[in-house]
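Here the structure is laid out as structure tokens; the discussion comes afterwards.
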Amino acid sequence: MKKRIMVVGAHPDDCDFRTAGTTIKLVRRGHSVHYLSVTDGSAGHYVQRGQELAARRYAEAQASAKLLGITYEILNHEDGRLMPALENREELIRKIRLFAPDVIITNRPNDYHPDHRAVSQLVQDASYLLAVPAICPDVPALEKCPVILYWEDRFQEPCPFRADLAVPIDDVLDTYIEMKFCHESQTLEWLPWCDDGLKDFPNLPLEQRKAFIEGRQRAICIQPDGPAYCRLAERYGRTIANAVRRAEAYQLSEYGAPLTEEIRALIEDC
């Protein structure tokens, strides 16, 4: 049976950068995937900001959506100022109910960015209430909470990431890299300038920047005996795991429904 997967992120690239490989494979098998960015991304640049940047990032997200074969919604919350407030929780409850996903994927609550932490808490706070008819009665309650998964991160406190599921994405890496270039303001400008300290990078010729980023993307590989590798080895054996260079891994959240073999197969066999 075809399933519905909703990916909830804080900014208009979070969902793509963390789950696009899995998304591509799910869509190719006929499943429906919806990305939801809770903020407008209006602070994520060293020069542009406000509505000008929000409009640019909206267009980038829609280009990514077209490439991936998904729907992509961006809410009107200011980047960098998201709070896990009641009105935001109820807005998210309504959005989840309207899509009625079988699986929700988001980031873990321990994270460097306050927007990321707020989104994770909003998903957690909404989870039980999704099936409570008295809450947001204008939108029909779900029969049960979906399975909730966290995408992989490297944060160690209060506990390191645990890979309960892992998806090899070597076979869709070309499309994944093409998706990265849809988010030009981030991939080719803001993130190298900000995260890597390459202050002159945005001034280089476009093709030189794209070649540099593509080379770095193709050089990335899963860590030997890291969470993703260990899960792949557990499911497929070390011979297959040793051959995988790129994978996306997910941790089951205790706030959602139990992980069934059907949902495990949905994600890992995609």
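Each chain in the structure tokens gets a letter, A, B, ..., in the order shown, and its residues are numbered from 1; ligands are numbered from 1 in order too.
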Open item on the list: Which residues are near Ser185 (chain A)? Cut-off 8 Å, only C-alpha atoms, ignore same chain within fewer than 5 positions. Put them as number ranges by chain.
Closed with: A: 45, 56-57, 190
Go ahead and dump the residues you just picked, C-alpha atoms, as a PDB file, in the first residue's frame.
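Writing the result to selection-v4.pdb gives the following:
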```
ATOM      1  CA  HIS A  45      22.367  34.757   4.366  1.00  0.00           C
ATOM      2  CA  ARG A  56      14.319  33.556  -2.934  1.00  0.00           C
ATOM      3  CA  ARG A  57      14.364  30.562  -0.602  1.00  0.00           C
ATOM      4  CA  TRP A 190      25.683  31.161   2.855  1.00  0.00           C
TER       5      TRP A 190
END
```
TODO: Pull the strand (DSSP E or B) assignments for region 51-229 of chain A out of DSSP run on the backbone, and list those residues as a count of residues only.
DONE: 17
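Among the candidate residues A:Tyr229, A:Phe212, A:Tyr150, A:Tyr35, the one lying nearest to Ile96 (chain A) is A:Tyr35, with distances computed using only C-alpha atoms.
Interatomic distance, CA of Asn76 (chain A) to CA of Leu92 (chain A): 12.2 Å.
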TODO: Give the answer as one residue: which of A:Gly69, A:Gly80, A:Pro202, A:Gly215 has the shortest atom-to-atom distance to Gly50 (chain A), using only C-alpha atoms?
DONE: A:Gly80
Open item on the list: For the alpha helix (DSSP H) assignment from backbone DSSP, which residues of region 19-252 of chain A qualify? Please present them as a PyMOL selection string.
Closed with: chain A and resi 19-28+50-68+86-99+114-127+173-182+184-185+191-194+206-219+227-236+238-243
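The gap separating CA of Pro224 (chain A) from CA of Ile5 (chain A) is 29.2 Å, in Å to one decimal.
For the set A:Tyr255, A:Tyr72, A:Phe155, A:Tyr236, the residue with the smallest atom-to-atom gap to Val7 (chain A) is A:Tyr72, counting only C-alpha atoms.
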- [ ] For CA of Pro192 (chain A) and CA of His34 (chain A), quote the distance in Å rounded to one decimal.
- [x] 27.6 Å
- [ ] Name all residues at most 7 Å from region 158-165 of chain A (count only C-alpha atoms; drop same-chain ones fewer than 4 positions away) and give them as a VMD selection string.
- [x] chain A and resid 152 to 154 227 to 228 231 249 to 252 268
Written selection (N, CA, C and O atoms) as a compact mmCIF listing (two decimals), in the first residue's frame:
```
# COMPACT_ATOMS: atom_id res chain seq x y z
N GLU A 152 19.60 11.88 11.17
CA GLU A 152 20.89 11.73 11.86
C GLU A 152 21.55 13.07 12.18
O GLU A 152 21.44 14.04 11.44
N ASP A 153 22.23 13.12 13.31
CA ASP A 153 23.07 14.25 13.69
C ASP A 153 24.27 13.73 14.46
O ASP A 153 24.37 12.54 14.74
N ARG A 154 25.17 14.64 14.82
CA ARG A 154 26.39 14.24 15.52
C ARG A 154 26.45 14.75 16.95
O ARG A 154 27.50 14.67 17.59
N PRO A 227 27.00 5.05 13.36
CA PRO A 227 25.62 4.57 13.51
C PRO A 227 25.03 4.03 12.21
O PRO A 227 24.42 2.94 12.22
N ALA A 228 25.17 4.75 11.10
CA ALA A 228 24.59 4.30 9.84
C ALA A 228 25.23 3.00 9.39
O ALA A 228 24.54 2.06 8.96
N ARG A 231 24.03 0.00 11.46
CA ARG A 231 22.68 -0.44 11.12
C ARG A 231 22.67 -1.17 9.78
O ARG A 231 22.00 -2.20 9.63
N ALA A 249 20.37 7.90 7.89
CA ALA A 249 19.96 7.07 9.01
C ALA A 249 18.93 7.79 9.86
O ALA A 249 18.87 9.03 9.88
N TYR A 250 18.12 7.00 10.55
CA TYR A 250 17.01 7.55 11.33
C TYR A 250 16.88 6.84 12.67
O TYR A 250 17.10 5.63 12.77
N GLN A 251 16.52 7.63 13.67
CA GLN A 251 16.28 7.11 15.02
C GLN A 251 14.79 7.18 15.31
O GLN A 251 14.13 8.18 15.04
N LEU A 252 14.26 6.13 15.89
CA LEU A 252 12.85 6.09 16.26
C LEU A 252 12.61 6.98 17.48
O LEU A 252 13.33 6.90 18.47
N GLU A 268 13.57 1.25 4.86
CA GLU A 268 14.86 0.62 4.56
C GLU A 268 14.87 -0.10 3.23
O GLU A 268 15.95 -0.30 2.66
```
